[in-house]
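Student: Just target30.cif, nothing more (mmCIF, C-alpha atoms):
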```
data_my_file
#
loop_
_atom_site.label_atom_id
_atom_site.label_comp_id
_atom_site.auth_asym_id
_atom_site.auth_seq_id
_atom_site.Cartn_x
_atom_site.Cartn_y
_atom_site.Cartn_z
CA MET L 14 -6.58 -0.91 -10.53
CA LEU L 15 -3.72 -1.20 -8.04
CA LEU L 16 -3.54 -5.00 -8.17
CA PHE L 17 -4.05 -5.11 -11.91
CA GLY L 18 -1.14 -2.69 -12.19
CA VAL L 19 1.05 -4.57 -9.71
CA THR L 20 0.47 -7.90 -11.43
CA THR L 21 1.12 -6.34 -14.82
CA ILE L 22 4.36 -4.74 -13.62
CA VAL L 23 5.59 -8.00 -12.08
CA ARG L 24 4.58 -9.92 -15.20
CA TRP L 25 6.71 -7.71 -17.47
CA VAL L 26 9.67 -7.13 -15.14
CA MET L 27 10.03 -10.56 -13.54
CA GLY L 28 8.09 -12.81 -15.91
CA PRO L 29 9.06 -13.85 -19.42
CA SER L 30 9.71 -10.60 -21.30
CA PHE L 31 12.39 -8.52 -22.99
CA ILE L 32 12.92 -6.71 -19.66
CA SER L 33 13.65 -9.85 -17.65
CA ASP L 34 15.86 -11.08 -20.51
CA HIS L 35 18.11 -8.03 -20.13
CA VAL L 36 17.68 -7.38 -16.38
CA ASP L 37 18.26 -10.70 -14.67
CA ARG L 38 19.49 -9.50 -11.28
CA ILE L 39 16.72 -9.78 -8.70
CA HIS L 40 17.62 -6.62 -6.78
CA LEU L 41 17.57 -4.53 -9.95
CA GLN L 42 14.25 -6.08 -10.93
CA LEU L 43 12.84 -5.21 -7.51
CA LEU L 44 14.10 -1.66 -7.87
CA ILE L 45 12.22 -1.32 -11.16
CA VAL L 46 9.08 -2.90 -9.68
CA GLY L 47 9.29 -0.66 -6.61
CA ALA L 48 9.66 2.51 -8.68
CA ALA L 49 6.79 1.57 -10.98
CA VAL L 50 4.45 0.54 -8.16
CA GLY L 51 5.33 3.67 -6.16
CA LEU L 52 4.40 5.90 -9.10
CA LEU L 53 1.20 3.91 -9.64
CA ILE L 54 0.14 4.33 -5.99
CA ALA L 55 0.82 8.07 -6.04
CA ALA L 56 -1.12 8.44 -9.29
CA LEU L 57 -4.09 6.53 -7.89
CA ILE L 58 -4.18 8.67 -4.74
CA VAL L 59 -4.20 11.96 -6.68
CA SER L 60 -6.63 10.67 -9.33
CA ARG L 61 -10.27 11.75 -9.23
CA PRO L 62 -11.47 8.42 -7.73
CA GLY L 63 -8.62 8.56 -5.21
CA ARG L 64 -9.43 12.12 -4.17
CA THR L 65 -13.13 11.26 -3.90
CA SER L 66 -12.63 8.21 -1.67
CA GLY L 67 -9.53 9.38 0.21
CA GLY L 68 -7.28 7.06 -1.80
CA HIS L 69 -6.74 4.55 1.01
CA ILE L 70 -6.39 1.36 -1.13
CA ASN L 71 -4.88 -0.27 1.97
CA PRO L 72 -6.88 -1.69 4.91
CA ALA L 73 -4.11 -0.70 7.33
CA ILE L 74 -4.35 2.94 6.21
CA SER L 75 -8.14 2.90 6.61
CA LEU L 76 -7.71 1.56 10.13
CA ALA L 77 -5.05 4.18 10.93
CA MET L 78 -7.27 7.01 9.68
CA TRP L 79 -10.03 5.80 11.97
CA ARG L 80 -7.56 5.76 14.86
CA PHE L 81 -6.49 9.30 13.96
CA GLY L 82 -10.14 10.29 14.42
CA VAL L 83 -10.66 11.51 10.85
CA PHE L 84 -12.44 8.47 9.37
CA PRO L 85 -15.75 7.06 10.66
CA GLY L 86 -15.47 3.69 12.32
CA VAL L 87 -18.63 2.49 10.60
CA SER L 88 -16.86 2.87 7.24
CA VAL L 89 -13.77 0.81 8.08
CA VAL L 90 -15.30 -2.61 7.39
CA PRO L 91 -16.95 -1.57 4.07
CA TYR L 92 -13.68 0.02 2.93
CA VAL L 93 -11.66 -3.08 3.87
CA LEU L 94 -14.13 -5.37 2.10
CA ALA L 95 -13.98 -3.17 -1.01
CA GLN L 96 -10.18 -3.21 -0.95
CA LEU L 97 -10.03 -7.00 -0.63
CA ILE L 98 -12.65 -7.57 -3.33
CA GLY L 99 -10.84 -5.13 -5.60
CA SER L 100 -7.62 -7.02 -4.98
CA VAL L 101 -9.14 -10.27 -6.21
CA LEU L 102 -10.80 -8.64 -9.22
CA GLY L 103 -7.58 -6.85 -10.17
CA VAL L 104 -5.42 -9.96 -10.29
CA LEU L 105 -8.11 -11.98 -12.08
CA LEU L 106 -8.34 -9.25 -14.72
CA ALA L 107 -4.55 -9.27 -15.08
CA GLY L 108 -4.67 -13.05 -15.49
CA ALA L 109 -7.33 -12.74 -18.18
CA VAL L 110 -5.37 -10.06 -20.03
CA TRP L 111 -1.87 -11.56 -19.82
CA GLY L 112 -2.76 -15.26 -19.68
CA PRO L 113 -0.25 -17.90 -18.53
CA ALA L 114 2.56 -15.32 -18.28
CA ALA L 115 0.72 -13.78 -15.30
CA LYS L 116 -0.90 -16.94 -13.95
CA ASP L 117 2.04 -19.34 -13.95
CA PRO L 118 5.36 -19.16 -12.03
CA PRO L 119 7.48 -17.15 -11.62
CA VAL L 120 4.74 -14.48 -11.58
CA ALA L 121 1.82 -16.55 -10.19
CA TYR L 122 -0.48 -13.52 -9.95
CA ALA L 123 2.35 -11.61 -8.19
CA VAL L 124 1.84 -13.57 -4.96
CA LEU L 125 4.48 -12.93 -2.29
CA GLN L 126 6.47 -15.38 -0.19
CA PRO L 127 9.04 -14.59 2.53
CA GLY L 128 12.66 -15.47 2.04
CA ALA L 129 13.96 -18.91 2.90
CA GLY L 130 14.22 -19.54 6.62
CA TRP L 131 11.87 -16.76 7.69
CA THR L 132 9.48 -17.73 10.48
CA ALA L 133 5.94 -16.43 10.88
CA ALA L 134 7.02 -14.43 13.95
CA GLU L 135 9.90 -12.76 12.10
CA LEU L 136 7.69 -11.96 9.14
CA PHE L 137 5.00 -10.57 11.43
CA GLY L 138 7.46 -8.27 13.15
CA ALA L 139 9.00 -7.02 9.90
CA GLU L 140 5.64 -6.32 8.25
CA ALA L 141 4.27 -4.63 11.38
CA VAL L 142 7.32 -2.40 11.80
CA SER L 143 7.39 -1.50 8.10
CA MET L 144 3.71 -0.52 8.10
CA GLY L 145 4.17 1.31 11.40
CA VAL L 146 6.93 3.49 9.95
CA ILE L 147 4.79 4.31 6.92
CA VAL L 148 1.71 5.21 8.98
CA TYR L 149 3.71 7.34 11.41
CA LEU L 150 5.34 9.32 8.60
CA VAL L 151 2.06 9.72 6.72
CA GLY L 152 0.33 10.94 9.87
CA PHE L 153 3.19 13.30 10.63
CA PHE L 154 3.06 14.83 7.14
CA LEU L 155 -0.73 15.16 7.34
CA GLN L 156 -0.45 17.25 10.50
CA ALA L 157 0.96 20.28 8.66
CA PRO L 158 -0.75 22.01 5.71
CA ARG L 159 2.52 22.51 3.84
CA ARG L 160 3.43 18.84 4.11
CA ALA L 161 -0.02 17.34 3.52
CA GLY L 162 0.07 17.81 -0.24
CA LEU L 163 3.25 15.72 -0.43
CA VAL L 164 1.64 12.65 1.11
CA PRO L 165 0.70 10.86 -2.16
CA TRP L 166 4.32 11.02 -3.29
CA LEU L 167 5.58 10.12 0.18
CA VAL L 168 3.38 7.01 0.21
CA GLY L 169 4.59 6.02 -3.25
CA LEU L 170 8.21 6.51 -2.21
CA LEU L 171 7.81 4.52 1.01
CA ILE L 172 5.95 1.61 -0.60
CA GLY L 173 8.34 1.54 -3.53
CA GLY L 174 11.27 1.57 -1.13
CA ALA L 175 9.77 -1.28 0.88
CA ILE L 176 9.45 -3.37 -2.28
CA ALA L 177 13.02 -2.68 -3.36
CA LEU L 178 14.57 -3.22 0.08
CA LEU L 179 12.39 -6.04 1.46
CA GLY L 180 11.43 -7.90 -1.69
CA THR L 181 13.89 -10.76 -1.15
CA THR L 182 13.15 -11.08 2.58
CA THR L 183 9.54 -10.33 3.53
CA GLY L 184 8.25 -9.64 0.04
CA GLY L 185 7.58 -6.00 0.94
CA SER L 186 3.78 -6.25 1.05
CA VAL L 187 2.86 -3.73 3.81
CA ASN L 188 -0.72 -3.89 2.53
CA PRO L 189 -3.17 -6.71 3.34
CA ALA L 190 -4.97 -6.10 0.05
CA ARG L 191 -1.67 -6.42 -1.84
CA GLN L 192 -1.35 -10.06 -0.84
CA PHE L 193 -4.99 -11.12 -0.53
CA GLY L 194 -5.97 -11.21 -4.21
CA PRO L 195 -2.76 -12.88 -5.41
CA ALA L 196 -3.00 -15.49 -2.65
CA VAL L 197 -6.62 -16.29 -3.52
CA ALA L 198 -6.01 -16.44 -7.26
CA SER L 199 -2.82 -18.51 -7.00
CA ARG L 200 -4.17 -20.64 -4.13
CA GLN L 201 -0.98 -20.02 -2.15
CA SER L 202 -2.17 -19.18 1.34
CA SER L 203 0.98 -19.87 3.39
CA PHE L 204 1.72 -16.93 5.69
CA LEU L 205 -1.42 -15.18 4.42
CA TRP L 206 -2.66 -14.52 7.94
CA VAL L 207 0.62 -12.72 8.71
CA TYR L 208 0.39 -10.54 5.60
CA LEU L 209 -3.20 -9.67 6.53
CA LEU L 210 -2.82 -9.03 10.26
CA ALA L 211 0.70 -7.64 10.77
CA PRO L 212 0.22 -4.38 8.81
CA MET L 213 -3.01 -3.71 10.71
CA VAL L 214 -1.27 -4.13 14.05
CA GLY L 215 1.64 -1.96 12.95
CA ALA L 216 -0.74 0.75 11.75
CA LEU L 217 -2.64 0.85 15.03
CA ILE L 218 0.53 1.04 17.12
CA ALA L 219 1.97 3.81 14.94
CA ALA L 220 -1.28 5.82 15.04
CA PHE L 221 -1.36 5.51 18.82
CA ALA L 222 2.29 6.57 19.10
CA LEU L 223 1.77 9.63 16.89
CA ASP L 224 -1.27 10.63 18.90
CA ARG L 225 0.77 10.45 22.11
CA VAL L 226 3.61 12.52 20.64
CA ASN L 227 1.44 15.20 19.00
CA LYS L 228 -1.77 15.30 21.04
CA HIS L 229 -2.86 18.74 19.88
CA ARG L 230 -2.33 18.30 16.14
CA THR L 231 -5.11 17.45 13.69
CA VAL L 232 -4.58 15.07 10.79
CA LEU L 233 -5.53 17.09 7.71
CA THR L 234 -6.79 14.29 5.47
CA HIS L 235 -9.21 16.63 3.71
CA ARG L 236 -6.22 18.30 2.05
CA LEU L 237 -5.55 15.14 0.10
CA CYS L 238 -8.91 15.78 -1.57
CA GLY L 239 -7.95 19.38 -2.36
CA THR L 240 -10.37 20.99 0.08
CA GLU L 241 -10.58 22.77 3.39
CA GLU L 242 -12.37 21.08 6.31
CA ASP L 243 -15.70 22.61 5.22
CA GLY L 244 -15.29 21.27 1.68
CA ALA L 245 -14.24 24.56 0.05
CA PRO L 246 -11.47 24.22 -2.54
CA LEU L 247 -8.03 25.10 -1.23
CA LYS L 248 -7.48 27.65 -3.96
CA GLU L 249 -10.42 29.71 -2.71
CA ARG L 250 -8.66 30.19 0.61
CA GLY L 251 -5.28 31.08 -0.83
#
```
What does the file become when written as C-alpha cells?

Tutor:
Amino acid sequence: MLLFGVTTIVRWVMGPSFISDHVDRIHLQLLIVGAAVGLLIAALIVSRPGRTSGGHINPAISLAMWRFGVFPGVSVVPYVLAQLIGSVLGVLLAGAVWGPAAKDPPVAYAVLQPGAGWTAAELFGAEAVSMGVIVYLVGFFLQAPRRAGLVPWLVGLLIGGAIALLGTTTGGSVNPARQFGPAVASRQSSFLWVYLLAPMVGALIAAFALDRVNKHRTVLTHRLCGTEEDGAPLKERG
C-alpha cells in the first residue's frame, strides 16, 4: 500500500498531469509529494493492519525495534522480506493501474537517484544520518507515554520533511523498501546497495546511542497498538 501510494503520488505530481502542468518547480513538487507521503505513512501506521503489525513498513525501523529490545530478533528477517516483497508488488500494481505514465520517465516507478556529482560515500553518509535522526527521535518519543501516541504523526512529518528537503540531493529515501521495488521494476539498480544498507546502519547506530543516553527507559511500542504491555486497551487503564 505504501509503495502503491508513493508511486501514485509521484505519477500525479511529477508525471504528466494537470498538477505538474501548473506546478513546474521541483522544490514545490517535492513539498507536495512529501506532505502527501507523510500523511499516507501516518495513516498506514494508525490503520488496523498497521496497529496489528506494529506499522513498521521500513526494514530500518524493524531493525531498530529489535535493537531497542522490544521486537524479537527471529521476526526481523520475515518482516524485512515482507516489506521488500510488498514494495515490488506495490509498484507493479501502480504500473498496472496507471500504465505508461507510471512506468516511463520521468516517473519510472518512482525510482530515486542522487543528485549530479554525488558519490556513493556521500550518499551513504546522508542516508545513514537521516535515518539515524528519525530512529533516535522515534525512540525518544516512544519512551514516554504522553509522547508515544504522537509517533505516527512524527514519523510522517520526518519522512515528509526528508523528501521535501533531500529530494534533489539524495532522493530522500530513508527506507530500503522505498527504493527496492522501484529499482527492481524500473531495472535501475545504480546506488541500490547504498539505499538498502545505509538506513540500516544509521538505525542501528541511533538505537545504540539512545540506549546509552537513556539506559533505564523502556520503549513503549505497545502504545502504538493502543494497548498496555499486557494487551489491555489503554482506555481501560485511564

Student: Quick one: pull the distance between atom CA of Leu209 of chain L and atom CA of Ala109 of chain L, Å, one decimal.

Tutor: 25.2 Å

Student: Choose the residue, out of L:Leu57, L:Ala211, L:Leu217, L:Ala121, that has the smallest atom-to-atom separation from Val168 of chain L; count only C-alpha atoms.

Tutor: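 Between L:Leu57, L:Ala211, L:Leu217, L:Ala121, the residue approaching Val168 of chain L most closely is L:Leu57.
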
Student: Applying 7 Å and all atoms listed in the file, which residues near segment 81-96 of chain L remain after dropping the ones on its own chain fewer than 6 positions away? List them as a short mmCIF file (atom, residue, chain, number, x, y, z; two decimals) with C-alpha atoms, in the coordinates of the input.

Tutor:
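The result, stored in part01.cif:
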```cif
data_model
loop_
_atom_site.label_atom_id
_atom_site.label_comp_id
_atom_site.auth_asym_id
_atom_site.auth_seq_id
_atom_site.Cartn_x
_atom_site.Cartn_y
_atom_site.Cartn_z
CA ILE L 70 -6.39 1.36 -1.13
CA ASN L 71 -4.88 -0.27 1.97
CA PRO L 72 -6.88 -1.69 4.91
CA SER L 75 -8.14 2.90 6.61
CA ALA L 190 -4.97 -6.10 0.05
CA ALA L 220 -1.28 5.82 15.04
CA VAL L 232 -4.58 15.07 10.79
#
```

Student: Expressed in Å to a single decimal, how great is the separation between atom CA of Leu43 of chain L and atom CA of Ile176 of chain L?

Tutor: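 Rounded to one decimal, the two atoms are 6.5 Å apart.
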
Student: For a quick check of your reading of the model, name the residues lying within 12 Å of the coordinate (11.4, -18.9, 4.7), counting only C-alpha atoms, and write them as a list in words.

Tutor: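 Neighbouring residues, ordered by chain and number, come to Leu125, Gln126, Pro127, Gly128, Ala129, Gly130, Trp131, Thr132, Ala133, Ala134, Glu135, Leu136, Thr181, Thr182, Thr183, Gly184, Ser203 and Phe204 of chain L.
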
Student: Using Å and a single decimal, report how far atom CA of Ser143 of chain L sits from atom CA of Gly215 of chain L.

Tutor: 7.5 Å

Student: Between L:Phe137, L:Val101, L:Ala48, L:Pro165, which has the minimum distance to Ser60 of chain L (counting all atoms listed in the file)?

Tutor: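 For Ser60 of chain L, the nearest of the candidates is L:Pro165.
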
Student: Any chance you could resolve the PyMOL selection byres ((chain L and resi 44) around 9) against this file and give the residues as a list in words?

Tutor: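 Output from the PyMOL selection byres ((chain L and resi 44) around 9), applied to this file: Ile39, His40, Leu41, Gln42, Leu43, Ile45, Val46, Gly47, Ala48, Ala49, Gly173, Gly174, Ile176, Ala177 and Leu178 of chain L.
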
Student: Generate the output file for the selected residues, C-alpha atoms, as a PDB file, in the coordinates of the input.

Tutor:
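Listed below is the output, again_13.pdb:
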```pdb
ATOM      1  CA  ILE L  39      16.720  -9.780  -8.700  1.00  0.00           C
ATOM      2  CA  HIS L  40      17.620  -6.620  -6.780  1.00  0.00           C
ATOM      3  CA  LEU L  41      17.570  -4.530  -9.950  1.00  0.00           C
ATOM      4  CA  GLN L  42      14.250  -6.080 -10.930  1.00  0.00           C
ATOM      5  CA  LEU L  43      12.840  -5.210  -7.510  1.00  0.00           C
ATOM      6  CA  ILE L  45      12.220  -1.320 -11.160  1.00  0.00           C
ATOM      7  CA  VAL L  46       9.080  -2.900  -9.680  1.00  0.00           C
ATOM      8  CA  GLY L  47       9.290  -0.660  -6.610  1.00  0.00           C
ATOM      9  CA  ALA L  48       9.660   2.510  -8.680  1.00  0.00           C
ATOM     10  CA  ALA L  49       6.790   1.570 -10.980  1.00  0.00           C
ATOM     11  CA  GLY L 173       8.340   1.540  -3.530  1.00  0.00           C
ATOM     12  CA  GLY L 174      11.270   1.570  -1.130  1.00  0.00           C
ATOM     13  CA  ILE L 176       9.450  -3.370  -2.280  1.00  0.00           C
ATOM     14  CA  ALA L 177      13.020  -2.680  -3.360  1.00  0.00           C
ATOM     15  CA  LEU L 178      14.570  -3.220   0.080  1.00  0.00           C
TER      16      LEU L 178
END
```

Student: If you apply the PyMOL selection byres ((chain L and resi 16) around 9) to this file, what residues do you get, as JSON, numbers by chain?

Tutor: {"L": [14, 15, 17, 18, 19, 20, 21, 99, 100, 101, 102, 103, 104, 107, 123, 190, 191, 194, 195]}

Student: Hey, which of L:Ala55, L:Met78, L:Val120, L:Val207 ends up closest to Leu155 of chain L? Count all atoms listed in the file.

Tutor: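 For Leu155 of chain L, the nearest of the candidates is L:Met78.
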
Student: Report the centre and edge lengths, in Å to one decimal, of an axis-aligned box enclosing every atom of segment 64-74 of chain L listed in the file, padded by 5 Å on each side, as AutoDock Vina command-line options.

Tutor:
```
--center_x -8.6 --center_y 5.2 --center_z 1.6 --size_x 19.0 --size_y 23.8 --size_z 21.5
```

Student: Of the candidates L:Val59, L:Ile74, L:Val187, L:Arg80, which one gets nearest to Arg225 of chain L if we count only C-alpha atoms?

Tutor: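 When distances to Arg225 of chain L are compared using only C-alpha atoms, the smallest one comes from L:Arg80.
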
Student: Given the file above and the PyMOL selection byres ((chain L and resi 152) around 10), which residues are selected, and can you give them as a PyMOL selection string?

Tutor: chain L and resi 74+77-78+81+146-151+153-157+161+164+219-220+223-224+231-234
